[in-house]
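Trainee: Right, I'll just put the structure down here and ask away after.
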Amino acid sequence: FLNINLDYDKRNQKFQTTEGFRSRYFLDLPILSDTNTLGNTYTYKYFTELYENNRTNFSIFIKSVDSISGDDVKLSERVFLPSRRLRGFENGKVGPKDGNDFIGGNYVTSFNATTNIPQLFQNFQNLDLSLFFDAANVWGIDYDSSLNDGSKIRSSIGVGVEWFTVIGPLSFSLAETITKDNTDVTESFRFN
């Protein structure tokens, strides 16, 4: 594969960003491959400060995989939603199913909005409380069009806590699903 990565970074700082944006594009072009799967990924994240000491960001994530030779995309090369892009759902348990197996799709999109609430933990510089909204979709099955249902938007809202410890950052989130498909597997609490 030939991997091409373009990164346009206009953030004011990398950690606890309060202003700017970051736009990234990734292309995975098959050169010598049995499957000929072309992968495209685009992410855009906008950062702003709604009020003093607040950090708010909005992001989109778009990913697709297709075969340049017209073959079906292998199951191992299909795309799934990253767990940080759709909280409130189990990782890999969203989207099209073939029998009892979640098989991913050829296309994934997500929208995320997160804002912190700095007034609650003013005395703790290493603890951050945030509110979030996530919406996403997985669709496109090239080997069986009856499994494809691109109209099912999954969404959730919730609260998260980030704790920056000496061993590394710890993240806790409590989410409530707003919309889901009847085959999706949800989870209210997540720890990373």
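Chain labels run A, B, ... following the order of the structure tokens; each chain numbers its residues from 1, and ligands are numbered from 1 in the order shown.
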Got a sec: who's within 10 Å of region 48-50 of chain A, counting only C-alpha atoms, leaving out chain neighbours fewer than 4 positions off, as a PyMOL selection string?

Mentor: chain A and resi 11+17-21+54-58+115-116

Trainee: Which polymer residues have any atom within 8 Å of an atom of region 100-114 of chain A, counting only C-alpha atoms, with same-chain residues fewer than 6 positions away left out, as a PDB file with N, CA and C atoms, in the first residue's frame?

Mentor:
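Once everything was written out, this is part-v9.pdb:
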ATOM      1  N   THR A  56     -14.459  23.794  23.884  1.00  0.00           N
ATOM      2  CA  THR A  56     -15.518  23.128  23.135  1.00  0.00           C
ATOM      3  C   THR A  56     -14.956  22.707  21.789  1.00  0.00           C
ATOM      4  N   ASN A  57     -15.326  21.524  21.328  1.00  0.00           N
ATOM      5  CA  ASN A  57     -14.891  21.106  20.001  1.00  0.00           C
ATOM      6  C   ASN A  57     -16.016  20.373  19.280  1.00  0.00           C
ATOM      7  N   PHE A  58     -15.985  20.525  17.962  1.00  0.00           N
ATOM      8  CA  PHE A  58     -16.904  19.853  17.056  1.00  0.00           C
ATOM      9  C   PHE A  58     -16.053  19.095  16.054  1.00  0.00           C
ATOM     10  N   SER A  59     -16.425  17.856  15.756  1.00  0.00           N
ATOM     11  CA  SER A  59     -15.609  17.091  14.815  1.00  0.00           C
ATOM     12  C   SER A  59     -16.478  16.234  13.905  1.00  0.00           C
ATOM     13  N   ILE A  60     -15.937  15.981  12.712  1.00  0.00           N
ATOM     14  CA  ILE A  60     -16.560  15.034  11.792  1.00  0.00           C
ATOM     15  C   ILE A  60     -15.514  13.990  11.424  1.00  0.00           C
ATOM     16  N   PHE A  61     -15.983  12.807  11.119  1.00  0.00           N
ATOM     17  CA  PHE A  61     -15.130  11.687  10.740  1.00  0.00           C
ATOM     18  C   PHE A  61     -15.826  10.966   9.599  1.00  0.00           C
ATOM     19  N   ILE A  62     -15.117  10.791   8.487  1.00  0.00           N
ATOM     20  CA  ILE A  62     -15.664  10.115   7.315  1.00  0.00           C
ATOM     21  C   ILE A  62     -14.628   9.102   6.848  1.00  0.00           C
ATOM     22  N   LYS A  63     -15.077   7.864   6.629  1.00  0.00           N
ATOM     23  CA  LYS A  63     -14.147   6.845   6.167  1.00  0.00           C
ATOM     24  C   LYS A  63     -14.871   5.938   5.175  1.00  0.00           C
ATOM     25  N   SER A  64     -14.145   5.541   4.121  1.00  0.00           N
ATOM     26  CA  SER A  64     -14.711   4.623   3.138  1.00  0.00           C
ATOM     27  C   SER A  64     -13.651   3.638   2.683  1.00  0.00           C
ATOM     28  N   VAL A  65     -14.108   2.444   2.308  1.00  0.00           N
ATOM     29  CA  VAL A  65     -13.247   1.436   1.691  1.00  0.00           C
ATOM     30  C   VAL A  65     -13.993   0.866   0.487  1.00  0.00           C
ATOM     31  N   ASP A  66     -13.307   0.776  -0.622  1.00  0.00           N
ATOM     32  CA  ASP A  66     -13.864   0.212  -1.850  1.00  0.00           C
ATOM     33  C   ASP A  66     -12.758  -0.533  -2.579  1.00  0.00           C
ATOM     34  N   VAL A  73     -15.144  -6.117  -0.773  1.00  0.00           N
ATOM     35  CA  VAL A  73     -14.152  -5.801   0.255  1.00  0.00           C
ATOM     36  C   VAL A  73     -14.152  -6.927   1.293  1.00  0.00           C
ATOM     37  N   LEU A  75     -13.905  -8.956   4.764  1.00  0.00           N
ATOM     38  CA  LEU A  75     -14.434  -8.647   6.082  1.00  0.00           C
ATOM     39  C   LEU A  75     -13.381  -7.977   6.964  1.00  0.00           C
ATOM     40  N   ARG A  78     -13.171  -4.178   6.193  1.00  0.00           N
ATOM     41  CA  ARG A  78     -14.346  -3.311   6.336  1.00  0.00           C
ATOM     42  C   ARG A  78     -14.124  -2.328   7.479  1.00  0.00           C
ATOM     43  N   VAL A  79     -14.910  -1.280   7.487  1.00  0.00           N
ATOM     44  CA  VAL A  79     -14.722  -0.252   8.502  1.00  0.00           C
ATOM     45  C   VAL A  79     -15.779  -0.370   9.595  1.00  0.00           C
ATOM     46  N   PHE A  80     -15.331  -0.108  10.798  1.00  0.00           N
ATOM     47  CA  PHE A  80     -16.179  -0.062  11.987  1.00  0.00           C
ATOM     48  C   PHE A  80     -16.004   1.317  12.617  1.00  0.00           C
ATOM     49  N   LEU A  81     -16.948   1.699  13.446  1.00  0.00           N
ATOM     50  CA  LEU A  81     -16.840   2.974  14.145  1.00  0.00           C
ATOM     51  C   LEU A  81     -15.830   2.862  15.276  1.00  0.00           C
ATOM     52  N   ARG A  85     -15.719   7.617  18.817  1.00  0.00           N
ATOM     53  CA  ARG A  85     -16.598   8.370  17.910  1.00  0.00           C
ATOM     54  C   ARG A  85     -18.080   8.155  18.195  1.00  0.00           C
ATOM     55  N   LEU A  86     -18.421   7.115  18.961  1.00  0.00           N
ATOM     56  CA  LEU A  86     -19.821   6.845  19.291  1.00  0.00           C
ATOM     57  C   LEU A  86     -19.891   6.208  20.671  1.00  0.00           C
ATOM     58  N   GLY A  92     -17.575  -2.034  18.030  1.00  0.00           N
ATOM     59  CA  GLY A  92     -17.752  -3.055  17.013  1.00  0.00           C
ATOM     60  C   GLY A  92     -19.121  -3.698  16.970  1.00  0.00           C
ATOM     61  N   LYS A  93     -20.070  -3.203  17.763  1.00  0.00           N
ATOM     62  CA  LYS A  93     -21.410  -3.804  17.836  1.00  0.00           C
ATOM     63  C   LYS A  93     -22.474  -2.849  17.307  1.00  0.00           C
ATOM     64  N   VAL A  94     -22.116  -2.127  16.225  1.00  0.00           N
ATOM     65  CA  VAL A  94     -23.022  -1.172  15.595  1.00  0.00           C
ATOM     66  C   VAL A  94     -22.950  -1.396  14.095  1.00  0.00           C
ATOM     67  N   SER A 130     -17.006  16.904  31.250  1.00  0.00           N
ATOM     68  CA  SER A 130     -17.478  17.371  29.949  1.00  0.00           C
ATOM     69  C   SER A 130     -18.836  16.769  29.611  1.00  0.00           C
ATOM     70  N   LEU A 131     -19.554  17.458  28.734  1.00  0.00           N
ATOM     71  CA  LEU A 131     -20.805  16.981  28.162  1.00  0.00           C
ATOM     72  C   LEU A 131     -20.551  16.673  26.703  1.00  0.00           C
ATOM     73  N   PHE A 132     -21.217  15.658  26.161  1.00  0.00           N
ATOM     74  CA  PHE A 132     -20.966  15.316  24.764  1.00  0.00           C
ATOM     75  C   PHE A 132     -22.241  14.883  24.053  1.00  0.00           C
ATOM     76  N   PHE A 133     -22.199  15.016  22.728  1.00  0.00           N
ATOM     77  CA  PHE A 133     -23.221  14.499  21.837  1.00  0.00           C
ATOM     78  C   PHE A 133     -22.506  13.796  20.688  1.00  0.00           C
ATOM     79  N   ASP A 134     -22.876  12.552  20.405  1.00  0.00           N
ATOM     80  CA  ASP A 134     -22.283  11.777  19.323  1.00  0.00           C
ATOM     81  C   ASP A 134     -23.388  11.280  18.397  1.00  0.00           C
ATOM     82  N   ALA A 135     -23.143  11.330  17.098  1.00  0.00           N
ATOM     83  CA  ALA A 135     -24.054  10.754  16.102  1.00  0.00           C
ATOM     84  C   ALA A 135     -23.204  10.101  15.028  1.00  0.00           C
ATOM     85  N   ALA A 136     -23.623   8.920  14.566  1.00  0.00           N
ATOM     86  CA  ALA A 136     -22.801   8.193  13.603  1.00  0.00           C
ATOM     87  C   ALA A 136     -23.634   7.189  12.819  1.00  0.00           C
ATOM     88  N   ASN A 137     -23.018   6.677  11.763  1.00  0.00           N
ATOM     89  CA  ASN A 137     -23.665   5.674  10.936  1.00  0.00           C
ATOM     90  C   ASN A 137     -22.609   4.778  10.290  1.00  0.00           C
ATOM     91  N   VAL A 138     -22.953   3.509  10.083  1.00  0.00           N
ATOM     92  CA  VAL A 138     -22.128   2.542   9.359  1.00  0.00           C
ATOM     93  C   VAL A 138     -23.045   1.924   8.310  1.00  0.00           C
ATOM     94  N   TRP A 139     -22.610   1.900   7.051  1.00  0.00           N
ATOM     95  CA  TRP A 139     -23.458   1.331   6.015  1.00  0.00           C
ATOM     96  C   TRP A 139     -22.629   0.890   4.812  1.00  0.00           C
ATOM     97  N   GLY A 140     -23.297   0.256   3.863  1.00  0.00           N
ATOM     98  CA  GLY A 140     -22.664  -0.155   2.609  1.00  0.00           C
ATOM     99  C   GLY A 140     -22.085  -1.548   2.689  1.00  0.00           C
ATOM    100  N   ILE A 141     -22.811  -2.528   2.177  1.00  0.00           N
ATOM    101  CA  ILE A 141     -22.324  -3.899   2.111  1.00  0.00           C
ATOM    102  C   ILE A 141     -22.301  -4.276   0.637  1.00  0.00           C
ATOM    103  N   ASP A 142     -21.127  -4.426   0.083  1.00  0.00           N
ATOM    104  CA  ASP A 142     -21.029  -4.652  -1.358  1.00  0.00           C
ATOM    105  C   ASP A 142     -21.392  -6.078  -1.780  1.00  0.00           C
TER     106      ASP A 142
END

Trainee: I'd like to know which of A:Thr186, A:Tyr42, A:Ser83, A:Thr35 is closest to Ile4 (chain A), using only C-alpha atoms.

Mentor: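 Nearest to Ile4 (chain A): A:Tyr42.
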
Trainee: In Å, how far is it from CA of Ser146 (chain A) to CA of Thr179 (chain A)?

Mentor: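 Taking CA of Ser146 (chain A) as the start and CA of Thr179 (chain A) as the end point, the length is 21.7 Å.
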
Trainee: Between A:Lys74, A:Ala175, A:Asp184, A:Asn3, which residue has the minimum interatomic distance to Gly95 (chain A), considering only C-alpha atoms?

Mentor: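 Of A:Lys74, A:Ala175, A:Asp184, A:Asn3, the one nearest Gly95 (chain A) is A:Asp184, counting only C-alpha atoms.
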
Trainee: Go through chain A and collect every residue that DSSP, computed from the backbone, puts in helix (DSSP H, G or I); the answer should be as JSON, numbers by chain.

Mentor: {"A": [75, 76, 77, 83, 84, 85, 145, 146, 147]}

Trainee: Using CA of Phe172 (chain A) and CA of Phe189 (chain A) as the two end points, give the distance in Å to one decimal.

Mentor: 7.3 Å

Trainee: Quote the spacing between CA of Glu176 (chain A) and CA of Glu52 (chain A) in Å to one decimal place.

Mentor: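 Pair CA of Glu176 (chain A) / CA of Glu52 (chain A) returns 28.0 Å.
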
Trainee: Here is a test: counting only C-alpha atoms, which residue of A:Arg24, A:Arg154, A:Lys14, A:Arg87 is nearest to Ile178 (chain A)?

Mentor: A:Arg154

Trainee: For the structure I just gave you, how does DSSP split chain A - specifically, which residues are strand (DSSP E)? Reply as a ChimeraX atom specification.

Mentor: /A:2-9,20-29,37-48,56-67,97-98,101-102,107-116,127-139,154-165,168-179,189-191

Trainee: Compile the contact shell of Gln125 (chain A) as a ChimeraX atom specification: residues with an atom at most 12 Å away, counting only C-alpha atoms, same-chain residues fewer than 2 positions apart removed.

Mentor: /A:16,53,118-123,127-129,162-165

Trainee: Out of A:Asp72, A:Asp181, A:Glu187, A:Asp144, which residue has the shortest atom-to-atom distance to Thr37 (chain A) when counting only C-alpha atoms?

Mentor: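 Smallest separation from Thr37 (chain A) among the options: A:Asp72.
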
Trainee: Determine, counting only C-alpha atoms, which protein, DNA and RNA residues have an atom within 6 Å of an atom of Asp28 (chain A); residues of the same chain fewer than 3 positions away are not included. Present the result as JSON, numbers by chain.

Mentor: {"A": [2, 3, 38, 39]}

Trainee: So which one's closest to Arg22 (chain A), A:Glu90, A:Tyr46, A:Asn40, A:Asn5? Using only C-alpha atoms, please.

Mentor: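 Of A:Glu90, A:Tyr46, A:Asn40, A:Asn5, the one nearest Arg22 (chain A) is A:Tyr46, counting only C-alpha atoms.
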